[in-house]
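*Asks:* File structure13.txt below, compact mmCIF, C-alpha atoms and all ligand atoms:
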# COMPACT_ATOMS: atom_id res chain seq x y z
CA MET A 1 23.55 -53.08 -4.45
CA ALA A 2 24.00 -49.45 -5.54
CA SER A 3 24.40 -48.58 -9.26
CA PRO A 4 28.00 -47.82 -10.37
CA ALA A 5 27.26 -44.07 -10.06
CA GLU A 6 26.42 -44.49 -6.37
CA THR A 7 29.87 -44.98 -4.98
CA VAL A 8 31.98 -43.45 -2.25
CA ARG A 9 35.75 -43.12 -1.89
CA VAL A 10 37.33 -44.79 1.10
CA PHE A 11 40.99 -45.09 2.10
CA LEU A 12 42.06 -48.51 3.34
CA MET A 13 45.55 -48.63 4.84
CA GLY A 14 46.09 -45.31 3.06
CA LYS A 15 45.08 -46.53 -0.41
CA GLN A 16 42.04 -45.09 -2.15
CA HIS A 17 39.21 -47.42 -3.22
CA GLU A 18 35.85 -46.70 -4.78
CA VAL A 19 33.08 -48.81 -3.27
CA PRO A 20 29.28 -48.93 -3.56
CA LYS A 21 27.40 -46.65 -1.20
CA GLY A 22 25.60 -48.39 1.67
CA LEU A 23 28.18 -51.09 2.32
CA THR A 24 29.48 -51.69 5.80
CA ILE A 25 33.21 -51.05 6.30
CA GLN A 26 33.76 -54.80 6.41
CA LYS A 27 31.95 -55.39 3.11
CA ALA A 28 33.73 -52.42 1.53
CA MET A 29 37.07 -53.99 2.46
CA GLU A 30 36.06 -57.27 0.87
CA TYR A 31 34.71 -55.45 -2.18
CA SER A 32 38.16 -53.83 -2.48
CA GLY A 33 39.89 -57.19 -2.49
CA TYR A 34 40.81 -57.73 1.15
CA ARG A 35 40.31 -61.16 2.63
CA LEU A 36 39.50 -60.72 6.30
CA LEU A 37 41.32 -63.35 8.33
CA ARG A 38 41.71 -61.21 11.47
CA GLY A 39 39.47 -58.44 12.72
CA CYS A 40 36.35 -60.26 11.59
CA GLY A 41 34.22 -62.72 13.50
CA CYS A 42 30.45 -62.77 13.97
CA ARG A 43 29.64 -60.02 11.42
CA GLY A 44 26.67 -59.19 13.60
CA GLY A 45 27.97 -56.72 16.20
CA PHE A 46 28.51 -59.28 18.95
CA CYS A 47 32.10 -60.50 19.01
CA GLY A 48 34.04 -57.22 19.13
CA ALA A 49 36.68 -58.37 16.65
CA CYS A 50 36.25 -55.54 14.17
CA GLY A 51 37.10 -52.34 16.04
CA THR A 52 37.94 -49.60 13.57
CA VAL A 53 39.28 -46.06 13.84
CA TYR A 54 38.48 -43.53 11.13
CA ARG A 55 38.30 -39.91 10.10
CA VAL A 56 36.06 -38.42 7.44
CA GLY A 57 37.44 -35.88 4.95
CA SER A 58 39.27 -32.97 6.52
CA ASP A 59 37.42 -33.25 9.85
CA TYR A 60 40.08 -33.53 12.59
CA LYS A 61 37.82 -35.73 14.71
CA LEU A 62 38.85 -39.36 15.18
CA LYS A 63 35.85 -41.66 15.22
CA VAL A 64 35.51 -45.32 16.10
CA GLY A 65 33.06 -48.05 15.23
CA LEU A 66 32.58 -51.71 14.49
CA ALA A 67 33.45 -52.50 10.87
CA CYS A 68 30.54 -54.93 10.56
CA GLN A 69 28.01 -52.33 11.71
CA THR A 70 29.29 -48.99 10.42
CA VAL A 71 28.32 -47.91 6.91
CA VAL A 72 30.99 -46.29 4.73
CA GLU A 73 30.95 -42.55 4.10
CA ASP A 74 32.69 -40.65 1.33
CA GLN A 75 36.34 -39.85 2.13
CA MET A 76 36.56 -42.18 5.08
CA TYR A 77 40.15 -42.88 6.18
CA LEU A 78 40.10 -46.26 7.89
CA ALA A 79 42.40 -48.28 10.11
CA GLN A 80 41.49 -51.60 11.70
CA ILE A 81 42.30 -52.53 15.32
CA PRO A 82 41.83 -56.31 15.31
CA PHE A 83 43.95 -56.63 18.42
CA PHE A 84 44.98 -54.17 21.10
CA PRO A 85 48.23 -54.85 23.03
CA ALA A 86 46.58 -54.85 26.44
CA VAL A 87 48.04 -55.97 29.76
CA LYS A 88 46.10 -58.92 31.19
CA ALA A 89 46.56 -60.21 34.74
CA SER A 90 46.61 -63.93 35.42
CA TYR A 91 44.80 -65.22 38.49
CA LYS A 92 42.65 -67.99 39.92
CA VAL A 93 39.31 -66.36 40.57
CA GLU A 94 38.39 -68.94 43.21
CA ASP A 95 41.31 -67.74 45.36
CA LEU A 96 40.43 -64.04 45.18
CA PRO A 97 38.10 -62.18 47.53
CA PRO A 98 35.59 -59.92 45.70
CA THR A 99 36.99 -56.62 46.95
CA ALA A 100 38.47 -53.36 45.73
CA GLU A 101 41.87 -54.55 46.98
CA THR A 102 41.73 -57.53 44.62
CA ILE A 103 41.03 -55.32 41.61
CA ILE A 104 43.61 -52.73 42.59
CA SER A 105 46.32 -55.31 43.27
CA LEU A 106 45.85 -56.84 39.79
CA TYR A 107 45.13 -53.61 37.92
CA PRO A 108 46.58 -50.72 40.01
CA GLU A 109 46.24 -48.39 37.02
CA VAL A 110 42.47 -48.11 37.69
CA LEU A 111 43.44 -45.51 40.30
CA ARG A 112 44.95 -43.35 37.55
CA CYS A 113 41.55 -42.66 35.91
CA VAL A 114 41.25 -38.93 35.26
CA GLY A 115 37.51 -38.99 34.71
CA CYS A 116 37.70 -37.79 31.09
CA ASN A 117 34.81 -40.02 29.92
CA THR A 118 36.59 -40.77 26.61
CA CYS A 119 35.95 -44.47 27.15
CA ARG A 120 32.19 -43.90 27.34
CA LYS A 121 32.24 -41.72 24.22
CA VAL A 122 34.04 -44.30 22.06
CA CYS A 123 32.23 -47.41 23.26
CA PRO A 124 30.13 -48.84 20.39
CA GLN A 125 27.88 -50.44 23.01
CA GLU A 126 27.33 -47.13 24.81
CA ILE A 127 28.49 -48.73 28.02
CA GLU A 128 29.09 -46.47 31.02
CA VAL A 129 32.77 -47.41 31.09
CA MET A 130 33.93 -44.53 33.28
CA ARG A 131 31.21 -45.33 35.82
CA TYR A 132 32.22 -48.98 36.02
CA ILE A 133 35.88 -48.01 36.51
CA ALA A 134 34.74 -45.75 39.39
CA ALA A 135 32.74 -48.68 40.80
CA ALA A 136 35.84 -50.90 40.48
CA GLN A 137 37.90 -48.38 42.46
CA ARG A 138 35.47 -48.57 45.37
CA GLY A 139 35.03 -52.34 45.15
CA ASP A 140 31.40 -52.36 44.01
CA ILE A 141 31.85 -55.60 42.07
CA ALA A 142 28.13 -56.07 41.42
CA LYS A 143 27.91 -52.61 39.84
CA VAL A 144 30.90 -53.25 37.57
CA ALA A 145 29.41 -56.59 36.50
CA ASP A 146 26.05 -55.02 35.79
CA LEU A 147 27.32 -51.93 33.93
CA SER A 148 29.81 -53.89 31.81
CA PHE A 149 27.54 -56.82 30.95
CA ASP A 150 27.18 -55.94 27.24
CA CYS A 151 30.94 -55.40 26.67
CA LEU A 152 32.20 -56.95 23.42
CA MET A 153 35.88 -56.75 24.38
CA CYS A 154 36.52 -54.72 21.23
CA GLY A 155 39.37 -52.81 22.89
CA LEU A 156 38.38 -49.35 21.65
CA CYS A 157 38.07 -47.88 25.15
CA ALA A 158 41.60 -48.98 26.10
CA SER A 159 42.97 -47.66 22.82
CA ARG A 160 41.92 -44.10 23.79
CA CYS A 161 42.39 -44.12 27.58
CA PRO A 162 44.94 -41.48 28.70
CA ALA A 163 45.49 -43.45 31.93
CA GLU A 164 46.29 -46.63 29.97
CA ILE A 165 43.65 -48.64 31.79
CA VAL A 166 42.42 -51.79 30.05
CA GLN A 167 38.84 -51.33 31.11
CA TYR A 168 37.45 -54.56 29.64
CA HIS A 169 39.94 -56.77 31.51
CA VAL A 170 39.01 -54.99 34.75
CA ALA A 171 35.36 -55.60 33.89
CA ILE A 172 35.78 -59.28 33.12
CA LEU A 173 37.65 -59.76 36.41
CA ALA A 174 34.70 -58.15 38.20
CA ARG A 175 32.17 -60.33 36.37
CA ARG A 176 34.18 -63.44 37.27
CA LEU A 177 34.38 -62.36 40.93
CA TYR A 178 30.67 -61.63 40.87
CA SER A 179 29.62 -64.95 39.37
CA ARG A 180 32.03 -66.96 41.53
CA HIS A 181 31.53 -65.29 44.92
CA ILE A 182 28.46 -63.06 44.94
CA ALA A 183 25.68 -64.23 42.57
CA LYS A 184 23.25 -66.77 43.95
CA PRO A 185 23.13 -70.07 42.01
CA ALA A 186 20.36 -69.94 39.37
CA ALA A 187 17.63 -72.47 40.19
CA HIS A 188 16.76 -73.15 36.53
CA LEU A 189 20.42 -73.77 35.67
CA SER A 190 20.86 -76.20 38.54
CA ALA A 191 17.68 -77.99 37.40
CA CYS A 192 19.03 -78.19 33.83
CA VAL A 193 22.38 -79.61 34.97
CA ALA A 194 20.62 -82.18 37.17
CA GLY A 195 18.45 -83.18 34.18
CA ILE A 196 21.51 -83.61 31.97
CA GLU A 197 23.18 -85.72 34.64
CA ARG A 198 20.07 -87.91 34.80
CA GLY A 199 20.41 -88.47 31.03
CA ALA A 200 17.70 -86.12 29.71
CA CYS A 201 19.80 -85.29 26.64
CA ASP A 202 21.32 -88.71 25.97
CA ALA A 203 18.85 -89.78 23.28
CA ASP A 204 19.22 -86.50 21.36
CA LEU A 205 23.01 -86.67 21.59
CA ASP A 206 23.05 -90.29 20.38
CA ALA A 207 20.81 -89.30 17.44
CA MET A 208 23.21 -86.49 16.50
CA VAL A 209 26.25 -88.73 16.68
CA ALA A 210 24.51 -91.22 14.39
CA ALA A 211 23.26 -88.57 11.90
CA ASP A 212 24.87 -88.00 8.50
CA GLY A 213 25.70 -84.55 7.06
CA PRO A 214 22.30 -83.69 5.50
CA LYS A 215 20.44 -84.85 8.60
CA LEU A 216 22.75 -82.76 10.83
CA ARG A 217 22.17 -79.72 8.62
CA SER A 218 18.39 -80.09 8.85
CA LEU A 219 18.58 -80.56 12.65
CA TYR A 220 20.73 -77.43 12.85
CA ASN A 221 18.32 -75.38 10.74
CA ALA A 222 15.34 -76.55 12.80
CA ARG A 223 16.97 -75.85 16.17
CA GLU A 224 15.33 -73.67 18.80
CA ILE A 225 17.61 -70.74 19.59
CA GLU A 226 15.84 -69.41 22.69
CA PRO A 227 13.29 -72.05 23.73
CA GLU A 228 10.38 -70.32 25.45
CA SER A 229 10.48 -72.86 28.24
CA LEU A 230 14.05 -71.79 29.15
CA GLU A 231 13.23 -68.08 28.89
CA SER A 232 10.30 -68.40 31.26
CA ALA A 233 12.38 -70.57 33.61
CA GLY A 234 15.00 -67.80 33.68
CA GLN A 235 12.42 -65.25 34.73
CA GLU A 236 11.25 -67.16 37.77
S1 LIG A 301 39.24 -43.05 29.26
FE1 LIG A 301 40.49 -43.84 30.97
S2 LIG A 301 40.97 -42.02 32.19
FE2 LIG A 301 39.26 -41.44 30.86
S3 LIG A 301 37.41 -41.87 32.14
FE3 LIG A 301 37.82 -43.70 30.90
S4 LIG A 301 39.05 -45.01 32.26
FE4 LIG A 301 39.14 -42.93 33.10
S1 LIG A 302 33.64 -51.29 27.19
FE1 LIG A 302 35.46 -51.05 25.86
S2 LIG A 302 35.91 -53.13 25.13
FE2 LIG A 302 33.79 -53.14 25.93
S3 LIG A 302 32.47 -52.74 24.13
FE3 LIG A 302 32.89 -50.75 25.13
S4 LIG A 302 34.69 -49.94 24.06
FE4 LIG A 302 34.58 -52.13 23.56
S1 LIG A 303 32.66 -59.01 13.29
FE1 LIG A 303 31.90 -59.40 15.33
S2 LIG A 303 31.39 -57.43 16.08
FE2 LIG A 303 32.00 -57.05 14.02
So that I can check it, write out the structure of this file as structure tokens.
*Replies:*
Amino acid sequence: MASPAETVRVFLMGKQHEVPKGLTIQKAMEYSGYRLLRGCGCRGGFCGACGTVYRVGSDYKLKVGLACQTVVEDQMYLAQIPFFPAVKASYKVEDLPPTAETIISLYPEVLRCVGCNTCRKVCPQEIEVMRYIAAAQRGDIAKVADLSFDCLMCGLCASRCPAEIVQYHVAILARRLYSRHIAKPAAHLSACVAGIERGACDADLDAMVAADGPKLRSLYNAREIEPESLESAGQE
């Protein structure tokens, strides 16, 4: 941690705080006494819960970032967006054809895109949001699914869109349509499911059910996160 001299001033909900240099926004908030019950999840840049809008000093420019990934700067004025009031269609994906008409009937506002590219500029994942909205308009479901794959659902694109499109809900509809109606079943996944149904995991599951706390902790710490056998199966 920085020495007391190495601090920066940040403004949280309009109140000034002095925090050590080098902290992320999230850690600076906790250092200042906030307990993060909302707007904080994985702390690793994956869950999209910590969208944040900020300005620095007298610069007019509004910036955005993930609070768990963005390091504080002196005179940062910060506001959290743990939730964005976004319209969300309800549907049964199995009943929907994977077409432009499906997307446009559920989210007609996609046709209002003005091509400003603001969504791309604010996306912390550098996703080509404007391009996937264009693909959604023409019904290229596979393209939307591909371009939006790394979306964290942080909501920052929708918060700045002048056409009031909720891009990430359009994208998740396209990914659902793609996986339900277009993607071919994955051979390795089918093999895994068949193995589970034959009881391949029963002994391990029984051992976990019977384990006490310390044993469970040691099993958890020794787990394989991406077993090489699965990775190579996925590349076949
Ligand atoms: S911010 Fe909205 S209007 Fe602008 S390009 Fe993105 S989707 Fe279109
Ligand atoms: S596409 Fe939108 S919701 Fe998804 S990560 Fe980018 S800014 Fe966040
Ligand atoms: S807490 Fe999950 S992305 Fe920041």
*Asks:* When you look at A:Val53 with a cut-off of 9 Å (counting only C-alpha atoms), what residues show up, excluding the ones that are within fewer than 6 positions of it in the same chain? I need them as a VMD selection string.
*Replies:* chain A and resid 62 to 66 77 to 81 156
*Asks:* Identify, counting only C-alpha atoms and all ligand atoms, the protein, DNA and RNA residues located within 6 Å of ligand LIG 303 (chain A), and give them as a list in words.
*Replies:*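 These are the residues that qualify: Cys40, Gly41, Cys42, Arg43, Gly44, Gly45, Phe46, Cys47, Gly48, Ala49, Cys50, Leu66, Ala67 and Cys68 of chain A.
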*Asks:* Under the rule that all atoms listed in the file are counted, which of A:Pro97, A:Arg38, A:Tyr220, A:Gln137 is the nearest residue to A:Gln26?
*Replies:* A:Arg38
*Asks:* Considering all atoms listed in the file, give me a table of residues in chain A that are at most 10 Å from ligand LIG 301 (chain A), with the closest atom pair and distance in Å for each, as CSV.
*Replies:*
residue,atom,partner,partner_atom,distance
A:Glu109,CA,A:LIG301,S4,9.3
A:Val110,CA,A:LIG301,S4,7.1
A:Leu111,CA,A:LIG301,FE4,8.8
A:Arg112,CA,A:LIG301,S2,6.8
A:Cys113,CA,A:LIG301,FE4,3.7
A:Val114,CA,A:LIG301,S2,4.4
A:Gly115,CA,A:LIG301,S3,3.9
A:Cys116,CA,A:LIG301,FE2,4.0
A:Asn117,CA,A:LIG301,S3,3.9
A:Thr118,CA,A:LIG301,S1,4.4
A:Cys119,CA,A:LIG301,S1,4.2
A:Arg120,CA,A:LIG301,FE3,6.7
A:Lys121,CA,A:LIG301,S1,8.7
A:Val122,CA,A:LIG301,S1,9.0
A:Glu128,CA,A:LIG301,FE3,9.2
A:Val129,CA,A:LIG301,FE3,6.3
A:Met130,CA,A:LIG301,S3,4.5
A:Arg131,CA,A:LIG301,S3,8.0
A:Tyr132,CA,A:LIG301,S4,8.7
A:Ile133,CA,A:LIG301,S4,6.1
A:Ala134,CA,A:LIG301,FE4,8.2
A:Leu156,CA,A:LIG301,S1,9.9
A:Cys157,CA,A:LIG301,S1,6.4
A:Ala158,CA,A:LIG301,S1,7.1
A:Ser159,CA,A:LIG301,S1,8.8
A:Arg160,CA,A:LIG301,S1,6.2
A:Cys161,CA,A:LIG301,S1,3.7
A:Pro162,CA,A:LIG301,S2,5.3
A:Ala163,CA,A:LIG301,S2,4.7
A:Glu164,CA,A:LIG301,FE1,6.5
A:Ile165,CA,A:LIG301,FE1,5.8
A:Val166,CA,A:LIG301,S4,7.9
A:Gln167,CA,A:LIG301,S4,6.4
*Asks:* If you keep C-alpha atoms, can you produce a file of those selected residues as an mmCIF file, in the frame of the given file?
*Replies:*
data_model
loop_
_atom_site.group_PDB
_atom_site.id
_atom_site.type_symbol
_atom_site.label_atom_id
_atom_site.label_comp_id
_atom_site.auth_asym_id
_atom_site.auth_seq_id
_atom_site.Cartn_x
_atom_site.Cartn_y
_atom_site.Cartn_z
ATOM 1 C CA GLU A 109 46.240 -48.390 37.020
ATOM 2 C CA VAL A 110 42.470 -48.110 37.690
ATOM 3 C CA LEU A 111 43.440 -45.510 40.300
ATOM 4 C CA ARG A 112 44.950 -43.350 37.550
ATOM 5 C CA CYS A 113 41.550 -42.660 35.910
ATOM 6 C CA VAL A 114 41.250 -38.930 35.260
ATOM 7 C CA GLY A 115 37.510 -38.990 34.710
ATOM 8 C CA CYS A 116 37.700 -37.790 31.090
ATOM 9 C CA ASN A 117 34.810 -40.020 29.920
ATOM 10 C CA THR A 118 36.590 -40.770 26.610
ATOM 11 C CA CYS A 119 35.950 -44.470 27.150
ATOM 12 C CA ARG A 120 32.190 -43.900 27.340
ATOM 13 C CA LYS A 121 32.240 -41.720 24.220
ATOM 14 C CA VAL A 122 34.040 -44.300 22.060
ATOM 15 C CA GLU A 128 29.090 -46.470 31.020
ATOM 16 C CA VAL A 129 32.770 -47.410 31.090
ATOM 17 C CA MET A 130 33.930 -44.530 33.280
ATOM 18 C CA ARG A 131 31.210 -45.330 35.820
ATOM 19 C CA TYR A 132 32.220 -48.980 36.020
ATOM 20 C CA ILE A 133 35.880 -48.010 36.510
ATOM 21 C CA ALA A 134 34.740 -45.750 39.390
ATOM 22 C CA LEU A 156 38.380 -49.350 21.650
ATOM 23 C CA CYS A 157 38.070 -47.880 25.150
ATOM 24 C CA ALA A 158 41.600 -48.980 26.100
ATOM 25 C CA SER A 159 42.970 -47.660 22.820
ATOM 26 C CA ARG A 160 41.920 -44.100 23.790
ATOM 27 C CA CYS A 161 42.390 -44.120 27.580
ATOM 28 C CA PRO A 162 44.940 -41.480 28.700
ATOM 29 C CA ALA A 163 45.490 -43.450 31.930
ATOM 30 C CA GLU A 164 46.290 -46.630 29.970
ATOM 31 C CA ILE A 165 43.650 -48.640 31.790
ATOM 32 C CA VAL A 166 42.420 -51.790 30.050
ATOM 33 C CA GLN A 167 38.840 -51.330 31.110
#
*Asks:* If we count all atoms listed in the file and set the cut-off at 12 Å, which residues sit around A:Ala28, ignoring sequence neighbours fewer than 2 positions away in its own chain? Please answer as a ChimeraX atom specification.
*Replies:* /A:1,7-12,16-26,30-36,67-74,76,78
*Asks:* Using 5 Å of padding on each side, determine the axis-aligned box around all atoms of ligand LIG 302 (chain A) present in the file and give its centre and edge lengths in Å to one decimal, as JSON.
*Replies:*
{"center_x": 34.2, "center_y": -51.5, "center_z": 25.4, "size_x": 13.4, "size_y": 13.2, "size_z": 13.6}
*Asks:* Looking at all atoms listed in the file, which of A:Met153, A:Ala135, A:Ala86, A:Ala142 is the one that sits closest to ligand LIG 302 (chain A)?
*Replies:* A:Met153
*Asks:* Find the residue from A:Val209, A:Ile172, A:Leu96, A:Ile104 that sits nearest to ligand LIG 302 (chain A); use only C-alpha atoms and all ligand atoms when measuring.
*Replies:*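 Selected residue with least distance to ligand LIG 302 (chain A): A:Ile172.
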*Asks:* Rounded to one decimal, what separation in Å do you get between atom CA of A:Ile127 and atom S2 of ligand LIG 302 (chain A)?
*Replies:*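 Interatomic distance, atom CA of A:Ile127 to atom S2 of ligand LIG 302 (chain A): 9.1 Å.
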*Asks:* So, counting all atoms listed in the file, which residue among A:Leu37, A:Arg138, A:Gln75, A:Glu224 is closest to A:Ser58?
*Replies:*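 Looking only at the distances to A:Ser58, the closest residue turns out to be A:Gln75.
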